[in-house]
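> Pasting in a structure now, in structure tokens, and then I'll have a few things to ask.
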Amino acid sequence: MVSAVPPSQETDLTWLLSDLVQRVRHTRGAVLLSSDGLTKAVHGLNQDGAERMAAIASGLISLARSAGAEFGGGDLVRQVVAELEEALLFVSSAGFGSVLAVLAGREADAGVLGYEMAQLIKSVRPFLATPARETAAGAARPPVR
């Protein structure tokens with residue numbers, strides 16, 4: 001479990017993703033993204049793959065929020081898991097306006113990966129948040145949770 005952010009790495013969160021991918025067997029890659037799909041940190045994927053994964057993860061978390069609001073009594077999403085033929089894709093809310101997406105092989109232990117993702121998010125949540133961006137008119141627009 002990650003307990004603290006090294007002071008020299010407060011802005012570059014790639015080391016967190018690298019640590020997660022290395023600790024959990026059969027994990028292929030991870031992307032930290034803003035809830036609207038902009039890549040913030042990547043490990044194990046090239047830039048094109050990371051951007052596509054970020055777009056997919058953003059869409060999945062958005063669909064899950066809509067389902068929760070419609071059928072589950074709220075729009076807070078903890079995790080979405082897609083079980084694919086040869087892979088598992090985990091997408092979790094990771095702090096205000098941020099999402100963590102992790103791709104693993106089918107051999108991965110889903111319970112261990114889900115747990116490790118939750119522990120990572122819990123231990124460094126303030127550093128994962130995405131600050132509100134300025135709109136064209138200059139007013140801050142809060143990111144989607």
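Ordering of the structure tokens sets the chain letters (A, B, ...); residue numbers start at 1 within each chain; ligands are numbered from 1 in the order shown.
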Give the alpha helix (DSSP H) residues of stretch 5-137 of chain A, as assigned by DSSP on the backbone, as a PyMOL selection string.
chain A and resi 14-23+47-67+110-128
> Keeping N, CA and C atoms, export the residues of the selection given above as a short mmCIF file (atom, residue, chain, number, x, y, z; two decimals), in the first residue's frame.

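Dumped to selection-v6.cif:
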data_model
loop_
_atom_site.label_atom_id
_atom_site.label_comp_id
_atom_site.auth_asym_id
_atom_site.auth_seq_id
_atom_site.Cartn_x
_atom_site.Cartn_y
_atom_site.Cartn_z
N THR A 14 2.91 9.47 -12.35
CA THR A 14 3.20 8.25 -13.09
C THR A 14 3.79 7.18 -12.18
N TRP A 15 4.58 7.56 -11.21
CA TRP A 15 5.19 6.59 -10.30
C TRP A 15 4.14 5.80 -9.54
N LEU A 16 3.00 6.41 -9.22
CA LEU A 16 1.92 5.69 -8.54
C LEU A 16 1.37 4.57 -9.43
N LEU A 17 1.16 4.91 -10.69
CA LEU A 17 0.63 3.92 -11.63
C LEU A 17 1.64 2.80 -11.86
N SER A 18 2.90 3.17 -11.98
CA SER A 18 3.96 2.19 -12.17
C SER A 18 4.01 1.22 -10.99
N ASP A 19 3.93 1.74 -9.80
CA ASP A 19 3.95 0.92 -8.59
C ASP A 19 2.77 -0.06 -8.58
N LEU A 20 1.59 0.43 -8.91
CA LEU A 20 0.40 -0.42 -8.94
C LEU A 20 0.55 -1.54 -9.97
N VAL A 21 0.97 -1.19 -11.17
CA VAL A 21 1.12 -2.18 -12.25
C VAL A 21 2.18 -3.22 -11.88
N GLN A 22 3.24 -2.81 -11.23
CA GLN A 22 4.30 -3.74 -10.86
C GLN A 22 3.90 -4.64 -9.69
N ARG A 23 3.07 -4.14 -8.78
CA ARG A 23 2.68 -4.91 -7.60
C ARG A 23 1.62 -5.96 -7.90
N GLN A 47 1.13 6.63 -25.93
CA GLN A 47 0.26 7.82 -25.85
C GLN A 47 -1.09 7.60 -26.53
N ASP A 48 -1.07 7.00 -27.72
CA ASP A 48 -2.32 6.74 -28.43
C ASP A 48 -3.22 5.79 -27.65
N GLY A 49 -2.64 4.71 -27.14
CA GLY A 49 -3.42 3.76 -26.34
C GLY A 49 -3.95 4.39 -25.08
N ALA A 50 -3.15 5.24 -24.45
CA ALA A 50 -3.58 5.92 -23.22
C ALA A 50 -4.74 6.87 -23.49
N GLU A 51 -4.68 7.60 -24.59
CA GLU A 51 -5.77 8.52 -24.92
C GLU A 51 -7.05 7.77 -25.24
N ARG A 52 -6.94 6.64 -25.94
CA ARG A 52 -8.14 5.84 -26.23
C ARG A 52 -8.71 5.23 -24.96
N MET A 53 -7.83 4.75 -24.09
CA MET A 53 -8.30 4.18 -22.82
C MET A 53 -8.95 5.25 -21.96
N ALA A 54 -8.40 6.46 -21.95
CA ALA A 54 -8.99 7.56 -21.20
C ALA A 54 -10.39 7.90 -21.72
N ALA A 55 -10.54 7.92 -23.03
CA ALA A 55 -11.86 8.21 -23.61
C ALA A 55 -12.87 7.13 -23.25
N ILE A 56 -12.44 5.88 -23.33
CA ILE A 56 -13.33 4.76 -22.97
C ILE A 56 -13.69 4.82 -21.49
N ALA A 57 -12.70 5.02 -20.63
CA ALA A 57 -12.95 5.07 -19.19
C ALA A 57 -13.88 6.22 -18.83
N SER A 58 -13.68 7.37 -19.45
CA SER A 58 -14.55 8.51 -19.21
C SER A 58 -16.00 8.18 -19.60
N GLY A 59 -16.16 7.52 -20.74
CA GLY A 59 -17.49 7.12 -21.17
C GLY A 59 -18.13 6.11 -20.24
N LEU A 60 -17.35 5.13 -19.79
CA LEU A 60 -17.89 4.11 -18.88
C LEU A 60 -18.33 4.72 -17.55
N ILE A 61 -17.50 5.59 -16.99
CA ILE A 61 -17.85 6.19 -15.70
C ILE A 61 -19.07 7.10 -15.85
N SER A 62 -19.17 7.78 -16.99
CA SER A 62 -20.33 8.63 -17.25
C SER A 62 -21.61 7.80 -17.38
N LEU A 63 -21.54 6.69 -18.10
CA LEU A 63 -22.70 5.80 -18.22
C LEU A 63 -23.10 5.24 -16.86
N ALA A 64 -22.12 4.86 -16.06
CA ALA A 64 -22.42 4.33 -14.73
C ALA A 64 -23.07 5.39 -13.85
N ARG A 65 -22.61 6.64 -13.94
CA ARG A 65 -23.24 7.72 -13.18
C ARG A 65 -24.70 7.89 -13.59
N SER A 66 -24.94 7.84 -14.89
CA SER A 66 -26.32 7.97 -15.38
C SER A 66 -27.18 6.83 -14.88
N ALA A 67 -26.65 5.61 -14.90
CA ALA A 67 -27.40 4.45 -14.40
C ALA A 67 -27.68 4.60 -12.91
N ALA A 110 -9.05 -10.38 -9.78
CA ALA A 110 -9.89 -9.17 -9.79
C ALA A 110 -10.04 -8.59 -8.39
N GLY A 111 -10.15 -9.43 -7.38
CA GLY A 111 -10.28 -8.94 -6.01
C GLY A 111 -9.05 -8.19 -5.55
N VAL A 112 -7.89 -8.73 -5.85
CA VAL A 112 -6.63 -8.08 -5.46
C VAL A 112 -6.47 -6.76 -6.20
N LEU A 113 -6.74 -6.76 -7.50
CA LEU A 113 -6.60 -5.53 -8.28
C LEU A 113 -7.57 -4.46 -7.79
N GLY A 114 -8.82 -4.82 -7.59
CA GLY A 114 -9.80 -3.85 -7.08
C GLY A 114 -9.40 -3.29 -5.72
N TYR A 115 -8.91 -4.16 -4.85
CA TYR A 115 -8.47 -3.74 -3.52
C TYR A 115 -7.27 -2.78 -3.62
N GLU A 116 -6.28 -3.15 -4.42
CA GLU A 116 -5.09 -2.31 -4.55
C GLU A 116 -5.42 -0.95 -5.16
N MET A 117 -6.34 -0.93 -6.12
CA MET A 117 -6.77 0.35 -6.68
C MET A 117 -7.43 1.21 -5.60
N ALA A 118 -8.32 0.60 -4.82
CA ALA A 118 -9.01 1.34 -3.76
C ALA A 118 -8.04 1.88 -2.72
N GLN A 119 -7.03 1.07 -2.35
CA GLN A 119 -6.04 1.52 -1.38
C GLN A 119 -5.20 2.67 -1.93
N LEU A 120 -4.81 2.59 -3.18
CA LEU A 120 -4.04 3.66 -3.81
C LEU A 120 -4.86 4.95 -3.79
N ILE A 121 -6.09 4.86 -4.22
CA ILE A 121 -6.96 6.04 -4.28
C ILE A 121 -7.17 6.62 -2.89
N LYS A 122 -7.44 5.78 -1.93
CA LYS A 122 -7.69 6.23 -0.56
C LYS A 122 -6.46 6.93 0.04
N SER A 123 -5.28 6.38 -0.23
CA SER A 123 -4.08 6.91 0.41
C SER A 123 -3.57 8.22 -0.19
N VAL A 124 -3.90 8.49 -1.45
CA VAL A 124 -3.37 9.71 -2.08
C VAL A 124 -4.47 10.52 -2.78
N ARG A 125 -5.71 10.37 -2.34
CA ARG A 125 -6.85 11.05 -2.98
C ARG A 125 -6.63 12.53 -3.24
N PRO A 126 -6.10 13.32 -2.30
CA PRO A 126 -5.93 14.76 -2.58
C PRO A 126 -5.03 15.05 -3.78
N PHE A 127 -4.05 14.19 -4.03
CA PHE A 127 -3.12 14.41 -5.13
C PHE A 127 -3.71 13.97 -6.47
N LEU A 128 -4.81 13.20 -6.43
CA LEU A 128 -5.42 12.71 -7.66
C LEU A 128 -6.49 13.65 -8.20
#
> Which residues of stretch 28-47 of chain A have any atom within 12 Å of an atom in stretch 78-93 of chain A when counting only C-alpha atoms, and what is the closest pair of atoms for each, with the distance in Å to one decimal? Order the rows by chain and rising number and write it as a tab-separated table.

residue	atom	partner	partner_atom	distance
A:Arg28	CA	A:Ala87	CA	9.3
A:Gly29	CA	A:Leu89	CA	9.9
A:Ala30	CA	A:Phe90	CA	9.4
A:Val31	CA	A:Val91	CA	9.5
A:Leu32	CA	A:Ser92	CA	9.7
A:Leu33	CA	A:Ser93	CA	9.8
A:Ser34	CA	A:Ser93	CA	9.7
A:Ser35	CA	A:Ser93	CA	8.3
A:Asp36	CA	A:Ser93	CA	12.0
> Write out the residues from the selection above, keeping N, CA and C atoms, as an mmCIF file, in the first residue's frame.

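Contents of again-v3.cif, freshly written:
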data_model
loop_
_atom_site.group_PDB
_atom_site.id
_atom_site.type_symbol
_atom_site.label_atom_id
_atom_site.label_comp_id
_atom_site.auth_asym_id
_atom_site.auth_seq_id
_atom_site.Cartn_x
_atom_site.Cartn_y
_atom_site.Cartn_z
ATOM 1 N N ARG A 28 -1.457 -4.826 -16.968
ATOM 2 C CA ARG A 28 -0.771 -4.374 -18.190
ATOM 3 C C ARG A 28 -0.496 -2.881 -18.224
ATOM 4 N N GLY A 29 -1.437 -2.090 -17.755
ATOM 5 C CA GLY A 29 -1.261 -0.645 -17.841
ATOM 6 C C GLY A 29 -2.308 0.083 -17.032
ATOM 7 N N ALA A 30 -2.044 1.372 -16.795
ATOM 8 C CA ALA A 30 -2.960 2.193 -16.012
ATOM 9 C C ALA A 30 -2.924 3.626 -16.529
ATOM 10 N N VAL A 31 -4.074 4.275 -16.408
ATOM 11 C CA VAL A 31 -4.202 5.673 -16.814
ATOM 12 C C VAL A 31 -4.966 6.425 -15.735
ATOM 13 N N LEU A 32 -4.419 7.551 -15.322
ATOM 14 C CA LEU A 32 -5.141 8.487 -14.468
ATOM 15 C C LEU A 32 -5.637 9.583 -15.389
ATOM 16 N N LEU A 33 -6.918 9.880 -15.317
ATOM 17 C CA LEU A 33 -7.508 10.853 -16.232
ATOM 18 C C LEU A 33 -8.469 11.773 -15.507
ATOM 19 N N SER A 34 -8.753 12.901 -16.134
ATOM 20 C CA SER A 34 -9.806 13.772 -15.619
ATOM 21 C C SER A 34 -11.130 13.112 -15.993
ATOM 22 N N SER A 35 -12.185 13.440 -15.275
ATOM 23 C CA SER A 35 -13.473 12.791 -15.535
ATOM 24 C C SER A 35 -14.010 13.089 -16.936
ATOM 25 N N ASP A 36 -13.486 14.122 -17.591
ATOM 26 C CA ASP A 36 -13.918 14.400 -18.963
ATOM 27 C C ASP A 36 -12.981 13.792 -20.003
#
> Between atom CA of A:Thr27 and atom CA of A:Leu13, what is the distance in Å, rounded to a tenth?
17.5 Å
> Suppose you want the space between atom CA of A:Ala41 and atom CA of A:Asp12; what is it in Å?
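Atom CA of A:Asp12 lies 7.3 Å from atom CA of A:Ala41.
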> Chain A: which residues are strand (DSSP E) by DSSP, as an MDAnalysis selection string?
chainID A and resid 27:34 39:43 79:83 87:93 98:105 133:134 140:141
> Could you write out that same residue set with N, CA and C atoms as a tab-separated table (two decimals), in the first residue's frame?

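Final output, saved to out-v4.tsv:
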chain	number	residue	atom	x	y	z
A	27	THR	N	-1.13	-7.24	-14.48
A	27	THR	CA	-1.64	-5.90	-14.81
A	27	THR	C	-0.80	-5.36	-15.95
A	28	ARG	N	-1.46	-4.83	-16.97
A	28	ARG	CA	-0.77	-4.37	-18.19
A	28	ARG	C	-0.50	-2.88	-18.22
A	29	GLY	N	-1.44	-2.09	-17.76
A	29	GLY	CA	-1.26	-0.64	-17.84
A	29	GLY	C	-2.31	0.08	-17.03
A	30	ALA	N	-2.04	1.37	-16.79
A	30	ALA	CA	-2.96	2.19	-16.01
A	30	ALA	C	-2.92	3.63	-16.53
A	31	VAL	N	-4.07	4.27	-16.41
A	31	VAL	CA	-4.20	5.67	-16.81
A	31	VAL	C	-4.97	6.43	-15.73
A	32	LEU	N	-4.42	7.55	-15.32
A	32	LEU	CA	-5.14	8.49	-14.47
A	32	LEU	C	-5.64	9.58	-15.39
A	33	LEU	N	-6.92	9.88	-15.32
A	33	LEU	CA	-7.51	10.85	-16.23
A	33	LEU	C	-8.47	11.77	-15.51
A	34	SER	N	-8.75	12.90	-16.13
A	34	SER	CA	-9.81	13.77	-15.62
A	34	SER	C	-11.13	13.11	-15.99
A	39	THR	N	-5.98	12.77	-20.30
A	39	THR	CA	-4.96	11.96	-19.65
A	39	THR	C	-4.08	12.81	-18.73
A	40	LYS	N	-3.89	12.34	-17.49
A	40	LYS	CA	-3.04	13.03	-16.52
A	40	LYS	C	-1.74	12.28	-16.26
A	41	ALA	N	-1.79	10.96	-16.21
A	41	ALA	CA	-0.59	10.14	-16.00
A	41	ALA	C	-0.85	8.77	-16.61
A	42	VAL	N	0.23	8.14	-17.09
A	42	VAL	CA	0.12	6.86	-17.80
A	42	VAL	C	1.28	5.96	-17.43
A	43	HIS	N	1.00	4.66	-17.34
A	43	HIS	CA	2.06	3.67	-17.24
A	43	HIS	C	1.65	2.43	-18.02
A	79	GLN	N	-16.80	1.93	-8.81
A	79	GLN	CA	-16.00	1.17	-9.76
A	79	GLN	C	-16.88	0.55	-10.84
A	80	VAL	N	-16.33	0.50	-12.04
A	80	VAL	CA	-16.95	-0.19	-13.18
A	80	VAL	C	-15.94	-1.23	-13.63
A	81	VAL	N	-16.38	-2.46	-13.85
A	81	VAL	CA	-15.50	-3.52	-14.31
A	81	VAL	C	-16.06	-4.08	-15.61
A	82	ALA	N	-15.21	-4.12	-16.63
A	82	ALA	CA	-15.58	-4.74	-17.90
A	82	ALA	C	-14.77	-6.02	-18.03
A	83	GLU	N	-15.46	-7.14	-18.13
A	83	GLU	CA	-14.81	-8.42	-18.29
A	83	GLU	C	-14.79	-8.73	-19.78
A	87	ALA	N	-9.12	-9.77	-21.33
A	87	ALA	CA	-8.64	-8.74	-20.40
A	87	ALA	C	-9.74	-8.33	-19.43
A	88	LEU	N	-9.32	-7.65	-18.40
A	88	LEU	CA	-10.22	-7.01	-17.44
A	88	LEU	C	-9.91	-5.52	-17.47
A	89	LEU	N	-10.95	-4.70	-17.47
A	89	LEU	CA	-10.78	-3.25	-17.42
A	89	LEU	C	-11.51	-2.74	-16.19
A	90	PHE	N	-10.76	-2.13	-15.28
A	90	PHE	CA	-11.32	-1.56	-14.06
A	90	PHE	C	-11.29	-0.05	-14.20
A	91	VAL	N	-12.39	0.61	-13.86
A	91	VAL	CA	-12.47	2.07	-13.91
A	91	VAL	C	-13.06	2.52	-12.58
A	92	SER	N	-12.32	3.37	-11.86
A	92	SER	CA	-12.74	3.83	-10.53
A	92	SER	C	-12.68	5.34	-10.42
A	93	SER	N	-13.63	5.91	-9.69
A	93	SER	CA	-13.53	7.32	-9.33
A	93	SER	C	-12.29	7.45	-8.44
A	98	SER	N	-11.44	13.12	-11.02
A	98	SER	CA	-10.44	12.21	-11.57
A	98	SER	C	-10.94	10.77	-11.60
A	99	VAL	N	-10.35	10.00	-12.51
A	99	VAL	CA	-10.72	8.61	-12.71
A	99	VAL	C	-9.43	7.81	-12.89
A	100	LEU	N	-9.40	6.59	-12.34
A	100	LEU	CA	-8.29	5.68	-12.52
A	100	LEU	C	-8.78	4.49	-13.33
A	101	ALA	N	-8.11	4.20	-14.44
A	101	ALA	CA	-8.45	3.05	-15.29
A	101	ALA	C	-7.25	2.12	-15.33
A	102	VAL	N	-7.51	0.82	-15.14
A	102	VAL	CA	-6.44	-0.18	-15.13
A	102	VAL	C	-6.85	-1.34	-16.02
A	103	LEU	N	-5.92	-1.75	-16.86
A	103	LEU	CA	-6.12	-2.88	-17.76
A	103	LEU	C	-5.26	-4.03	-17.29
A	104	ALA	N	-5.87	-5.22	-17.18
A	104	ALA	CA	-5.14	-6.41	-16.74
A	104	ALA	C	-5.52	-7.60	-17.59
A	105	GLY	N	-4.66	-8.61	-17.61
A	105	GLY	CA	-4.98	-9.84	-18.30
A	105	GLY	C	-6.05	-10.62	-17.55
A	133	ARG	N	-11.32	23.74	-14.37
A	133	ARG	CA	-10.69	24.47	-15.48
A	133	ARG	C	-11.50	25.74	-15.76
A	134	GLU	N	-10.83	26.70	-16.34
A	134	GLU	CA	-11.47	27.95	-16.74
A	134	GLU	C	-12.30	27.73	-18.00
A	140	ALA	N	-14.59	29.73	-13.44
A	140	ALA	CA	-14.19	28.34	-13.16
A	140	ALA	C	-15.39	27.42	-13.32
A	141	ARG	N	-15.15	26.30	-13.98
A	141	ARG	CA	-16.20	25.31	-14.18
A	141	ARG	C	-15.80	24.08	-13.38
> Rounded to one decimal in Å, what is the spacing between atom CA of A:Gly37 and atom CA of A:Gly72?
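We find that atom CA of A:Gly37 and atom CA of A:Gly72 lie 23.8 Å from each other.
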